[in-house]
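Okay, structure_11.txt is below, compact mmCIF, C-alpha atoms:
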# COMPACT_ATOMS: atom_id res chain seq x y z
CA MET A 16 -5.95 -25.61 10.11
CA THR A 17 -9.01 -23.40 9.64
CA PRO A 18 -8.11 -19.71 9.82
CA THR A 19 -10.26 -17.15 11.64
CA ILE A 20 -10.80 -13.64 10.32
CA THR A 21 -12.43 -10.65 11.99
CA ALA A 22 -15.22 -8.61 10.42
CA PHE A 23 -17.73 -5.92 11.47
CA GLU A 24 -20.77 -7.27 13.28
CA ARG A 25 -22.68 -4.49 11.48
CA SER A 26 -20.68 -3.14 8.56
CA PRO A 27 -20.99 0.61 7.97
CA ASP A 28 -21.25 -0.09 4.23
CA ARG A 29 -24.56 -1.90 4.94
CA GLY A 30 -23.47 -5.15 3.30
CA ARG A 31 -22.26 -3.69 0.00
CA GLY A 32 -19.02 -5.67 0.25
CA LEU A 33 -16.74 -2.64 0.63
CA ALA A 34 -15.45 -3.47 4.12
CA ARG A 35 -11.97 -4.93 3.96
CA ASP A 36 -12.90 -8.40 5.21
CA MET A 37 -14.40 -8.87 1.71
CA ARG A 38 -10.88 -8.89 0.22
CA VAL A 39 -9.82 -11.73 2.49
CA ARG A 40 -13.08 -13.67 2.13
CA TRP A 41 -12.74 -13.50 -1.66
CA ALA A 42 -9.13 -14.74 -1.55
CA LEU A 43 -10.09 -17.63 0.73
CA GLU A 44 -12.97 -18.56 -1.58
CA GLU A 45 -10.70 -18.46 -4.66
CA VAL A 46 -8.33 -21.01 -3.11
CA GLY A 47 -11.10 -23.11 -1.54
CA GLN A 48 -10.02 -22.54 2.06
CA ALA A 49 -12.81 -22.66 4.66
CA TYR A 50 -12.64 -20.05 7.43
CA GLU A 51 -14.25 -18.91 10.65
CA VAL A 52 -15.37 -15.36 11.35
CA ARG A 53 -15.14 -13.47 14.64
CA LEU A 54 -17.37 -10.41 14.64
CA VAL A 55 -16.27 -7.19 16.31
CA SER A 56 -18.05 -3.90 16.99
CA PHE A 57 -16.73 -0.35 16.80
CA GLU A 58 -16.26 -0.61 20.57
CA THR A 59 -14.56 -4.02 20.80
CA MET A 60 -12.19 -3.31 17.90
CA LYS A 61 -10.49 -0.56 19.96
CA GLN A 62 -9.95 -2.89 22.94
CA PRO A 63 -6.57 -4.47 23.81
CA GLU A 64 -7.75 -7.93 22.73
CA HIS A 65 -8.32 -6.73 19.16
CA LEU A 66 -5.36 -4.32 19.13
CA ALA A 67 -3.16 -7.36 19.78
CA ARG A 68 -4.46 -8.73 16.46
CA ASN A 69 -4.45 -5.44 14.58
CA PRO A 70 -2.46 -2.56 16.11
CA PHE A 71 -4.53 -0.02 14.15
CA GLY A 72 -7.84 -1.23 15.59
CA GLN A 73 -9.23 -2.17 12.20
CA ILE A 74 -10.72 -5.21 10.52
CA PRO A 75 -9.82 -7.67 9.19
CA SER A 76 -7.25 -9.69 11.03
CA PHE A 77 -6.26 -13.26 10.20
CA GLU A 78 -5.40 -15.98 12.71
CA GLU A 79 -4.04 -19.38 11.73
CA GLY A 80 -2.60 -21.35 14.62
CA ASP A 81 0.08 -19.16 16.19
CA LEU A 82 0.22 -16.77 13.27
CA ILE A 83 -1.68 -13.49 13.61
CA LEU A 84 -1.67 -11.15 10.62
CA PHE A 85 -3.15 -7.75 9.81
CA GLU A 86 -3.20 -5.64 6.61
CA THR A 87 -5.32 -6.98 3.77
CA GLY A 88 -2.38 -6.89 1.37
CA ALA A 89 -0.30 -9.09 3.67
CA ILE A 90 -3.19 -11.47 4.39
CA VAL A 91 -4.12 -11.91 0.72
CA LEU A 92 -0.45 -12.41 -0.17
CA HIS A 93 -0.06 -14.98 2.61
CA ILE A 94 -3.11 -16.89 1.38
CA ALA A 95 -1.80 -16.70 -2.20
CA GLN A 96 1.66 -17.94 -1.20
CA THR A 97 0.37 -20.88 0.83
CA HIS A 98 -2.32 -22.11 -1.61
CA ASP A 99 -2.60 -22.60 -5.35
CA GLY A 100 -4.82 -20.37 -7.42
CA LEU A 101 -3.92 -16.73 -6.83
CA LEU A 102 -0.34 -16.47 -8.14
CA PRO A 103 1.36 -17.91 -11.22
CA ALA A 104 4.10 -20.51 -10.66
CA ASP A 105 6.73 -18.80 -12.83
CA PRO A 106 8.87 -16.61 -10.52
CA ALA A 107 8.92 -13.53 -12.79
CA ALA A 108 5.16 -13.69 -13.45
CA ARG A 109 4.63 -14.15 -9.73
CA ALA A 110 6.69 -11.06 -8.89
CA ARG A 111 4.70 -9.04 -11.45
CA ALA A 112 1.37 -10.21 -10.01
CA ILE A 113 2.58 -9.09 -6.57
CA ALA A 114 3.53 -5.72 -8.10
CA TRP A 115 -0.12 -5.27 -9.14
CA LEU A 116 -1.21 -6.12 -5.58
CA PHE A 117 1.00 -3.29 -4.31
CA ALA A 118 -0.11 -0.98 -7.15
CA ALA A 119 -3.74 -1.47 -6.11
CA LEU A 120 -2.97 -0.54 -2.51
CA ASN A 121 -0.28 2.10 -2.86
CA THR A 122 -0.89 3.81 -6.23
CA ILE A 123 -4.58 3.42 -7.08
CA GLU A 124 -6.17 3.35 -3.62
CA PRO A 125 -4.58 6.49 -2.05
CA PRO A 126 -6.38 9.07 -4.25
CA ILE A 127 -9.57 7.01 -3.98
CA LEU A 128 -9.25 6.99 -0.18
CA GLU A 129 -8.69 10.74 -0.27
CA ARG A 130 -12.05 11.00 -2.04
CA GLN A 131 -13.67 8.67 0.52
CA THR A 132 -12.20 10.75 3.35
CA ALA A 133 -13.59 13.94 1.83
CA LEU A 134 -17.02 12.32 1.45
CA LEU A 135 -17.08 10.80 4.94
CA LEU A 136 -15.03 13.05 7.21
CA GLU A 137 -15.13 16.42 5.44
CA ARG A 138 -18.57 16.27 3.84
CA ASP A 139 -19.91 19.28 5.75
CA ARG A 140 -16.79 21.41 5.44
CA PRO A 141 -17.17 24.55 3.34
CA TRP A 142 -14.30 23.63 1.01
CA THR A 143 -15.35 20.13 0.04
CA SER A 144 -17.52 21.00 -2.97
CA GLU A 145 -14.78 23.18 -4.43
CA ARG A 146 -12.06 20.70 -3.60
CA MET A 147 -13.80 17.59 -4.98
CA PRO A 148 -12.97 18.32 -8.66
CA LEU A 149 -9.25 18.44 -7.74
CA ILE A 150 -9.46 15.09 -5.98
CA GLU A 151 -11.43 13.53 -8.80
CA GLU A 152 -8.90 14.77 -11.33
CA ARG A 153 -6.17 12.92 -9.42
CA VAL A 154 -8.31 9.76 -9.38
CA ARG A 155 -9.02 10.10 -13.11
CA ALA A 156 -5.33 10.48 -13.91
CA ARG A 157 -4.53 7.16 -12.22
CA LEU A 158 -7.52 5.42 -13.81
CA ALA A 159 -6.41 6.64 -17.26
CA GLN A 160 -2.98 5.08 -16.78
CA LEU A 161 -4.48 1.85 -15.48
CA SER A 162 -6.99 1.74 -18.33
CA ALA A 163 -4.19 2.26 -20.86
CA ARG A 164 -2.20 -0.61 -19.39
CA LEU A 165 -5.15 -3.01 -19.17
CA GLY A 166 -6.26 -2.25 -22.73
CA GLY A 167 -8.45 -5.04 -24.05
CA ALA A 168 -7.08 -7.75 -21.75
CA ASP A 169 -9.24 -9.62 -19.25
CA TRP A 170 -6.73 -9.27 -16.38
CA LEU A 171 -3.69 -7.13 -15.68
CA ASP A 172 -0.95 -9.67 -16.44
CA GLY A 173 -1.97 -13.05 -17.83
CA GLY A 174 -4.48 -15.02 -15.76
CA PHE A 175 -6.50 -13.77 -12.80
CA SER A 176 -4.24 -13.21 -9.78
CA ALA A 177 -4.15 -11.75 -6.28
CA GLY A 178 -3.20 -8.48 -7.99
CA ASP A 179 -6.47 -8.45 -9.93
CA LEU A 180 -8.43 -9.38 -6.82
CA MET A 181 -7.07 -6.38 -4.94
CA MET A 182 -7.38 -4.02 -7.91
CA VAL A 183 -11.04 -4.97 -8.44
CA MET A 184 -11.73 -4.45 -4.74
CA VAL A 185 -10.06 -1.02 -4.74
CA LEU A 186 -11.90 0.09 -7.89
CA ARG A 187 -15.21 -0.98 -6.35
CA TRP A 188 -15.01 2.09 -4.04
CA LEU A 189 -15.80 4.11 -7.18
CA LYS A 190 -18.88 2.22 -8.36
CA GLY A 191 -21.67 4.67 -9.13
CA SER A 192 -19.36 7.71 -8.92
CA GLY A 193 -19.16 8.09 -12.69
CA LEU A 194 -15.36 7.89 -12.48
CA LEU A 195 -15.16 4.16 -12.97
CA GLU A 196 -17.97 4.15 -15.54
CA ALA A 197 -16.02 6.73 -17.63
CA ALA A 198 -13.36 4.05 -18.27
CA PRO A 199 -15.43 1.26 -19.88
CA ASN A 200 -12.62 -1.30 -19.89
CA LEU A 201 -12.10 -0.78 -16.14
CA ALA A 202 -15.84 -1.01 -15.44
CA ALA A 203 -15.94 -4.27 -17.42
CA TYR A 204 -12.86 -5.50 -15.51
CA VAL A 205 -14.62 -4.91 -12.19
CA ALA A 206 -17.75 -6.66 -13.47
CA ARG A 207 -15.56 -9.60 -14.58
CA GLY A 208 -14.14 -9.88 -11.09
CA GLU A 209 -17.55 -9.65 -9.47
CA ALA A 210 -18.87 -12.41 -11.74
CA ARG A 211 -16.39 -14.95 -10.40
CA PRO A 212 -18.11 -17.61 -8.29
CA ALA A 213 -15.63 -17.07 -5.45
CA PHE A 214 -16.50 -13.36 -5.35
CA GLN A 215 -20.19 -14.22 -5.29
CA ARG A 216 -19.77 -16.64 -2.36
CA ALA A 217 -17.69 -14.10 -0.41
CA PHE A 218 -20.18 -11.33 -1.13
CA ALA A 219 -23.12 -13.46 0.04
CA ALA A 220 -21.28 -14.40 3.24
CA GLN A 221 -20.51 -10.81 4.26
CA ARG A 222 -24.02 -9.72 3.30
CA ALA A 223 -25.58 -12.43 5.47
CA VAL A 224 -23.72 -11.03 8.50
CA PHE A 225 -25.13 -7.56 7.90
CA GLU A 226 -28.65 -8.84 7.30
CA ALA A 227 -28.58 -10.92 10.48
CA ALA A 228 -27.52 -7.85 12.47
CA GLU A 229 -30.33 -5.80 10.95
CA ALA A 230 -32.88 -8.52 11.65
CA ALA A 231 -31.71 -8.67 15.28
CA GLY A 232 -32.44 -4.93 15.51
CA MET B 72 22.85 -10.46 -12.73
CA THR B 73 23.17 -6.77 -11.82
CA PRO B 74 19.76 -5.10 -11.61
CA THR B 75 19.06 -1.63 -12.99
CA ILE B 76 16.81 0.84 -11.24
CA THR B 77 15.46 4.18 -12.46
CA ALA B 78 15.78 7.43 -10.51
CA PHE B 79 15.27 11.16 -11.10
CA GLU B 80 18.16 12.84 -12.90
CA ARG B 81 17.36 15.86 -10.67
CA SER B 82 15.21 14.84 -7.73
CA PRO B 83 12.56 17.38 -6.68
CA ASP B 84 13.48 16.70 -3.03
CA ARG B 85 16.95 18.16 -3.77
CA GLY B 86 18.83 15.09 -2.56
CA ARG B 87 17.10 14.68 0.79
CA GLY B 88 16.51 10.98 0.14
CA LEU B 89 12.72 11.22 -0.01
CA ALA B 90 12.35 10.11 -3.64
CA ARG B 91 11.23 6.51 -3.84
CA ASP B 92 14.42 5.16 -5.44
CA MET B 93 15.92 5.62 -1.95
CA ARG B 94 13.77 2.71 -0.67
CA VAL B 95 15.14 0.37 -3.31
CA ARG B 96 18.73 1.60 -3.01
CA TRP B 97 18.60 1.00 0.75
CA ALA B 98 17.21 -2.53 0.31
CA LEU B 99 19.92 -3.36 -2.24
CA GLU B 100 22.62 -2.02 0.09
CA GLU B 101 21.25 -4.05 3.04
CA VAL B 102 21.59 -7.30 1.07
CA GLY B 103 24.89 -6.32 -0.58
CA GLN B 104 23.57 -6.36 -4.13
CA ALA B 105 25.31 -3.99 -6.58
CA TYR B 106 23.06 -2.15 -9.03
CA GLU B 107 23.03 0.20 -12.00
CA VAL B 108 20.98 3.38 -12.21
CA ARG B 109 19.21 4.78 -15.27
CA LEU B 110 18.30 8.44 -14.78
CA VAL B 111 15.03 9.83 -16.13
CA SER B 112 13.62 13.34 -16.31
CA PHE B 113 10.07 14.56 -15.79
CA GLU B 114 9.77 14.46 -19.59
CA THR B 115 11.25 11.04 -20.31
CA MET B 116 9.35 9.34 -17.47
CA LYS B 117 6.06 10.03 -19.28
CA GLN B 118 7.32 8.48 -22.55
CA PRO B 119 6.32 4.99 -23.76
CA GLU B 120 9.80 3.58 -23.04
CA HIS B 121 9.43 4.36 -19.33
CA LEU B 122 5.70 3.61 -19.18
CA ALA B 123 6.59 0.08 -20.30
CA ARG B 124 8.64 -0.18 -17.10
CA ASN B 125 6.21 1.68 -14.84
CA PRO B 126 2.64 2.14 -16.14
CA PHE B 127 2.14 5.10 -13.79
CA GLY B 128 5.11 7.05 -15.17
CA GLN B 129 6.91 7.12 -11.84
CA ILE B 130 10.28 6.15 -10.46
CA PRO B 131 11.67 3.74 -9.47
CA SER B 132 11.45 0.71 -11.68
CA PHE B 133 13.60 -2.39 -11.33
CA GLU B 134 14.98 -4.48 -14.20
CA GLU B 135 16.77 -7.78 -13.69
CA GLY B 136 17.20 -9.78 -16.87
CA ASP B 137 13.72 -10.26 -18.32
CA LEU B 138 11.95 -9.21 -15.14
CA ILE B 139 10.65 -5.65 -14.99
CA LEU B 140 9.02 -4.53 -11.75
CA PHE B 141 7.42 -1.34 -10.47
CA GLU B 142 6.00 -0.34 -7.04
CA THR B 143 8.54 0.10 -4.27
CA GLY B 144 6.72 -2.39 -2.04
CA ALA B 145 6.95 -5.10 -4.68
CA ILE B 146 10.57 -4.31 -5.53
CA VAL B 147 11.71 -4.30 -1.90
CA LEU B 148 9.78 -7.54 -1.27
CA HIS B 149 11.36 -9.14 -4.36
CA ILE B 150 14.85 -8.15 -3.19
CA ALA B 151 14.06 -9.45 0.31
CA GLN B 152 12.73 -12.76 -1.02
CA THR B 153 15.70 -13.39 -3.30
CA HIS B 154 18.49 -12.40 -0.89
CA ASP B 155 19.26 -12.94 2.79
CA GLY B 156 19.11 -10.07 5.23
CA LEU B 157 15.70 -8.39 5.02
CA LEU B 158 13.28 -11.12 6.16
CA PRO B 159 13.45 -13.71 8.94
CA ALA B 160 13.65 -17.37 7.93
CA ASP B 161 10.77 -18.56 10.15
CA PRO B 162 7.60 -18.53 7.99
CA ALA B 163 5.36 -16.89 10.61
CA ALA B 164 7.91 -14.19 11.45
CA ARG B 165 8.41 -13.65 7.72
CA ALA B 166 4.66 -13.16 7.16
CA ARG B 167 4.54 -10.66 10.03
CA ALA B 168 7.50 -8.68 8.64
CA ILE B 169 5.67 -8.51 5.30
CA ALA B 170 2.56 -7.27 7.17
CA TRP B 171 4.62 -4.32 8.44
CA LEU B 172 5.76 -3.61 4.89
CA PHE B 173 2.11 -3.36 3.84
CA ALA B 174 1.21 -1.37 6.98
CA ALA B 175 3.85 1.21 6.10
CA LEU B 176 2.46 1.63 2.59
CA ASN B 177 -1.27 1.21 3.10
CA THR B 178 -2.01 2.37 6.68
CA ILE B 179 0.71 4.84 7.68
CA GLU B 180 1.59 6.42 4.33
CA PRO B 181 -1.92 7.37 3.04
CA PRO B 182 -2.62 10.12 5.63
CA ILE B 183 1.00 11.29 5.30
CA LEU B 184 0.60 11.47 1.51
CA GLU B 185 -2.63 13.41 2.00
CA ARG B 186 -0.58 15.94 3.98
CA GLN B 187 2.10 16.00 1.26
CA THR B 188 -0.58 16.52 -1.40
CA ALA B 189 -2.05 19.42 0.57
CA LEU B 190 1.41 20.98 0.93
CA LEU B 191 2.43 20.47 -2.69
CA LEU B 192 -0.74 20.59 -4.79
CA GLU B 193 -3.14 22.60 -2.65
CA ARG B 194 -0.74 24.94 -0.90
CA ASP B 195 -2.28 28.10 -2.36
CA ARG B 196 -5.90 27.03 -1.98
CA PRO B 197 -7.95 29.06 0.49
CA TRP B 198 -8.95 26.02 2.54
CA THR B 199 -5.54 24.49 3.14
CA SER B 200 -4.66 26.35 6.36
CA GLU B 201 -8.00 25.47 7.91
CA ARG B 202 -7.89 21.91 6.64
CA MET B 203 -4.33 21.10 7.74
CA PRO B 204 -5.22 20.49 11.43
CA LEU B 205 -7.75 17.84 10.33
CA ILE B 206 -5.15 16.09 8.20
CA GLU B 207 -2.54 16.27 10.93
CA GLU B 208 -4.97 14.83 13.45
CA ARG B 209 -5.42 11.79 11.19
CA VAL B 210 -1.64 11.43 10.90
CA ARG B 211 -1.23 11.77 14.67
CA ALA B 212 -3.85 9.08 15.32
CA ARG B 213 -1.91 6.56 13.21
CA LEU B 214 1.42 7.56 14.75
CA ALA B 215 -0.02 7.09 18.25
CA GLN B 216 -1.06 3.53 17.39
CA LEU B 217 2.31 2.78 15.81
CA SER B 218 4.15 4.30 18.77
CA ALA B 219 2.10 2.18 21.20
CA ARG B 220 2.94 -0.99 19.28
CA LEU B 221 6.66 -0.22 18.94
CA GLY B 222 6.98 0.69 22.64
CA GLY B 223 10.60 0.43 23.72
CA ALA B 224 11.67 -2.04 21.05
CA ASP B 225 14.35 -1.28 18.47
CA TRP B 226 12.33 -2.65 15.54
CA LEU B 227 8.68 -3.53 14.92
CA ASP B 228 8.92 -7.32 15.22
CA GLY B 229 12.24 -8.84 16.28
CA GLY B 230 15.24 -7.93 14.13
CA PHE B 231 15.41 -5.25 11.43
CA SER B 232 13.36 -6.28 8.38
CA ALA B 233 12.00 -5.01 5.08
CA GLY B 234 8.98 -3.86 7.10
CA ASP B 235 11.16 -1.57 9.22
CA LEU B 236 12.97 -0.31 6.12
CA MET B 237 9.69 0.78 4.54
CA MET B 238 8.25 2.17 7.78
CA VAL B 239 11.34 4.31 8.40
CA MET B 240 11.18 5.59 4.82
CA VAL B 241 7.48 6.48 5.13
CA LEU B 242 8.00 8.23 8.50
CA ARG B 243 10.85 10.27 7.02
CA TRP B 244 8.24 12.32 5.08
CA LEU B 245 7.39 13.84 8.48
CA LYS B 246 10.86 14.88 9.60
CA GLY B 247 10.82 18.45 10.80
CA SER B 248 7.00 18.64 10.82
CA GLY B 249 6.80 18.27 14.59
CA LEU B 250 4.49 15.27 14.15
CA LEU B 251 7.26 12.70 14.19
CA GLU B 252 9.20 14.54 16.89
CA ALA B 253 6.09 14.44 19.15
CA ALA B 254 6.47 10.64 19.33
CA PRO B 255 10.01 10.26 20.70
CA ASN B 256 10.17 6.50 20.27
CA LEU B 257 9.25 6.86 16.57
CA ALA B 258 11.78 9.66 16.06
CA ALA B 259 14.44 7.43 17.66
CA TYR B 260 13.31 4.53 15.46
CA VAL B 261 13.80 6.63 12.32
CA ALA B 262 17.23 7.77 13.56
CA ARG B 263 18.13 4.12 14.20
CA GLY B 264 17.23 3.26 10.61
CA GLU B 265 19.16 6.20 9.21
CA ALA B 266 22.24 5.21 11.22
CA ARG B 267 22.52 1.86 9.45
CA PRO B 268 25.56 1.72 7.15
CA ALA B 269 23.39 0.50 4.27
CA PHE B 270 21.10 3.53 4.66
CA GLN B 271 24.13 5.82 4.68
CA ARG B 272 25.53 4.31 1.48
CA ALA B 273 22.17 4.56 -0.27
CA PHE B 274 21.69 8.13 0.90
CA ALA B 275 25.13 9.17 -0.34
CA ALA B 276 24.49 7.54 -3.73
CA GLN B 277 21.20 9.34 -4.37
CA ARG B 278 22.67 12.61 -3.09
CA ALA B 279 25.62 12.33 -5.46
CA VAL B 280 23.19 12.16 -8.41
CA PHE B 281 21.47 15.37 -7.33
CA GLU B 282 24.75 17.18 -6.68
CA ALA B 283 26.13 16.19 -10.08
CA ALA B 284 22.98 17.53 -11.75
CA GLU B 285 23.29 20.82 -9.86
CA ALA B 286 26.99 21.13 -10.73
CA ALA B 287 26.16 20.56 -14.41
CA GLY B 288 23.75 23.51 -14.16
Encoding of this model in structure tokens:
Amino acid sequence: MTPTITAFERSPDRGRGLARDMRVRWALEEVGQAYEVRLVSFETMKQPEHLARNPFGQIPSFEEGDLILFETGAIVLHIAQTHDGLLPADPAARARAIAWLFAALNTIEPPILERQTALLLERDRPWTSERMPLIEERVRARLAQLSARLGGADWLDGGFSAGDLMMVMVLRWLKGSGLLEAAPNLAAYVARGEARPAFQRAFAAQRAVFEAAEAAG
Amino acid sequence: MTPTITAFERSPDRGRGLARDMRVRWALEEVGQAYEVRLVSFETMKQPEHLARNPFGQIPSFEEGDLILFETGAIVLHIAQTHDGLLPADPAARARAIAWLFAALNTIEPPILERQTALLLERDRPWTSERMPLIEERVRARLAQLSARLGGADWLDGGFSAGDLMMVMVLRWLKGSGLLEAAPNLAAYVARGEARPAFQRAFAAQRAVFEAAEAAG
């Protein structure tokens, strides 16, 4: 059964692979599962048809037969639990890989999203330049702990897992900020994720959607 | 095998059940699993012994034989997957309940945490009073979507699940703010969660730790 995901018909990140469909595309590519894509606009994603798929009016969603899922963490975990390749077989190692998936989304991403919010929604506010160092200090504190745990390893706990996939995607928000680059082992970790053939295929697929929209004008 | 969790020896929330061990205690009470508690202080939680359990120096952690887990989402999911009572048996319903667990942590909690951060870490900054309405508007937008999806139902998708447990815990940050109370069906949903006997037992257990610390001076 070929699943269908939703994605932006014209991603606001201009094809840089930061929109959240990239997380799901990468997971599907890692496990070798083909998929269909339904494109939505900023208008159609707030309509009842899409809200039935994702109650928060966001992308992506994931449809597979009667099952409709939202939340990238849940979708990636579902893909990982129903295919080989993204979670170890040993139950304890599997639980730890899932802990890293949650850590990416609930410990590392929140201060990074706070920075994104300041840059996108509060850019013109008088306080943002003075506030940014406080936000970045909170991001740096989390990156320092993550860097200490990763050390010289390739991945967070044994082989590449769904936890690494999500952590790499979350850290990619920071590319070019100087924050990621200040932790060389984390920058190398992100580069290692991006070098995976499945990442490359997913990246090319989301980029092609953006380029087609641009070409159509 | 009796698991051991970590918790604050003197919780900064003064026993109001907002510290994250409450999420794990409640899950353990729902499935009828006894547990031990190891108390840590703000000093000992930054030491290598605790960082080995939780690389971000936070509570809770969860130890069960050789398995050591961190992240409340991962711990609650592990408890739910290894016991009956927190996830439906049907695979599709189970995946949807897990989606609500992620939605609580990655869609609803981030703007609420941004508000908590402003209240705790930026309270004395000159911009906070002017900025708070922007933050609260972002919280309100998510609550409106959640309220619309919940409608008149008791729980988010069928019977009570790990997703409801986490959503109730995340919404509890807002008690008394007026934001939760402005969505009566969400306020009633939180009250419904808090009325569960398992919640009550977990709440009493964490409160007893705080009261013992206060009595010891």
| request: Take the point (16.7, -3.2, -4.0) in the file's coordinates, draw a sphere of radius 10 Å around it, and report as a list in words every protein, DNA or RNA residue with an atom inside or on it, counting only C-alpha atoms. | output: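 Checking each residue against the 10 Å limit leaves Pro74, Thr75, Ile76, Asp92, Met93, Arg94, Val95, Arg96, Trp97, Ala98, Leu99, Glu100, Glu101, Val102, Gly103, Gln104, Ala105, Tyr106, Phe133, Thr143, Ala145, Ile146, Val147, Leu148, His149, Ile150, Ala151 and His154 of chain B.
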Please produce, as a Markdown table, a per-residue contact table for chain B versus chain A (criterion: any atom at most 9 Å away, all atoms listed in the file considered), showing the nearest atom pair and its distance in Å to one decimal, sorted by chain then residue number.
| residue | atom | partner | partner_atom | distance |
| --- | --- | --- | --- | --- |
| B:Leu122 | CA | A:Arg164 | CA | 9.0 |
| B:Ala123 | CA | A:Arg164 | CA | 8.9 |
| B:Pro126 | CA | A:Gln160 | CA | 6.4 |
| B:Phe127 | CA | A:Gln160 | CA | 5.9 |
| B:Gly128 | CA | A:Gln160 | CA | 8.5 |
| B:Asp137 | CA | A:Ala107 | CA | 8.0 |
| B:Leu138 | CA | A:Ala107 | CA | 5.8 |
| B:Ile139 | CA | A:Arg111 | CA | 7.7 |
| B:Leu140 | CA | A:Arg111 | CA | 6.3 |
| B:Phe141 | CA | A:Ala114 | CA | 6.3 |
| B:Glu142 | CA | A:Ala114 | CA | 6.0 |
| B:Thr143 | CA | A:Phe117 | CA | 8.3 |
| B:Gly144 | CA | A:Phe117 | CA | 6.2 |
| B:Ala145 | CA | A:Ala114 | CA | 4.9 |
| B:Ile146 | CA | A:Ala114 | CA | 7.6 |
| B:Leu148 | CA | A:Ala110 | CA | 8.9 |
| B:His149 | CA | A:Ala110 | CA | 6.8 |
| B:Ala163 | CA | A:Leu82 | CA | 5.8 |
| B:Ala164 | CA | A:Leu82 | CA | 8.3 |
| B:Ala166 | CA | A:His93 | CA | 6.8 |
| B:Arg167 | CA | A:Leu84 | CA | 6.3 |
| B:Ile169 | CA | A:Ala89 | CA | 6.2 |
| B:Ala170 | CA | A:Ala89 | CA | 4.9 |
| B:Trp171 | CA | A:Glu86 | CA | 8.1 |
| B:Leu172 | CA | A:Ala89 | CA | 8.3 |
| B:Phe173 | CA | A:Ala89 | CA | 6.2 |
| B:Ala174 | CA | A:Glu86 | CA | 6.1 |
| B:Leu176 | CA | A:Asn121 | CA | 6.1 |
| B:Asn177 | CA | A:Asn121 | CA | 6.1 |
| B:Thr178 | CA | A:Glu86 | CA | 8.1 |
| B:Glu180 | CA | A:Asn121 | CA | 8.6 |
| B:Pro181 | CA | A:Pro125 | CA | 5.8 |
| B:Pro182 | CA | A:Glu129 | CA | 8.5 |
| B:Leu184 | CA | A:Pro125 | CA | 8.0 |
| B:Glu185 | CA | A:Glu129 | CA | 7.0 |
| B:Glu193 | CA | A:Leu149 | CA | 9.0 |
| B:Arg196 | CA | A:Arg146 | CA | 9.0 |
| B:Pro197 | CA | A:Trp142 | CA | 8.4 |
| B:Trp198 | CA | A:Trp142 | CA | 6.1 |
| B:Arg202 | CA | A:Trp142 | CA | 8.7 |
| B:Leu205 | CA | A:Glu137 | CA | 9.0 |
| B:Arg213 | CA | A:Phe71 | CA | 7.1 |
| B:Gln216 | CA | A:Phe71 | CA | 5.9 |
| B:Leu217 | CA | A:Pro70 | CA | 7.2 |
| B:Ala219 | CA | A:Pro70 | CA | 8.3 |
| B:Arg220 | CA | A:Pro70 | CA | 6.5 |
Closest pair table for segment 110-198 of chain A residues within 10 Å of segment 27-34 of chain A, all atoms listed in the file, as JSON lines:
{"residue": "A:Met184", "atom": "CA", "partner": "A:Leu33", "partner_atom": "CA", "distance": 7.6}
{"residue": "A:Val185", "atom": "CA", "partner": "A:Leu33", "partner_atom": "CA", "distance": 8.7}
{"residue": "A:Arg187", "atom": "CA", "partner": "A:Leu33", "partner_atom": "CA", "distance": 7.3}
{"residue": "A:Trp188", "atom": "CA", "partner": "A:Leu33", "partner_atom": "CA", "distance": 6.9}
Adding 3 Å on each side of the box along x, y and z that holds all listed atoms of segment 101-118 of chain A, could you give its centre and edge lengths in Å to one decimal, as lines of an AutoDock Vina configuration file?
center_x = 2.5
center_y = -10.7
center_z = -8.9
size_x = 18.8
size_y = 25.5
size_z = 15.1
| said: So, with all atoms listed in the file as the atoms that count, which of B:Gly222, B:Gly234, B:Glu80, B:Leu250 lies closest to Glu208 of chain B? | reply: B:Leu250
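Of note, atom CA of Glu285 of chain B and atom CA of Met116 of chain B are spaced 19.6 Å apart.
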| What is the atom CA of Ala203 of chain A-atom CA of Arg25 of chain A distance in Å, reported with one decimal? |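 These two atoms are separated by 29.7 Å.
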| query | What is the distance between atom CA of Gln118 of chain B and atom CA of Ile130 of chain B, in Å to one decimal? | reply | 12.7 Å
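Distances from B:Gln152, B:Ser112, B:Ser82, B:Gln129 to Ala233 of chain B were compared using only C-alpha atoms, and the smallest one belongs to B:Gln152.
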| Pick the closest to Ala160 of chain B from B:Gly230, B:Glu120, B:Arg209, B:Met238: which is it, counting only C-alpha atoms? | B:Gly230
| Given all atoms listed in the file as the counted atoms, nearest of A:Ala168, A:Leu101, A:Ala220, A:Val52 to Glu78 of chain A |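 When distances to Glu78 of chain A are compared using all atoms listed in the file, the smallest one comes from A:Val52.
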| For Gly229 of chain B, which residue among B:Phe113, B:Pro159, B:Phe79, B:Met72 is the nearest when counting all atoms listed in the file? |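 Closest to Gly229 of chain B, using all atoms listed in the file: B:Pro159.
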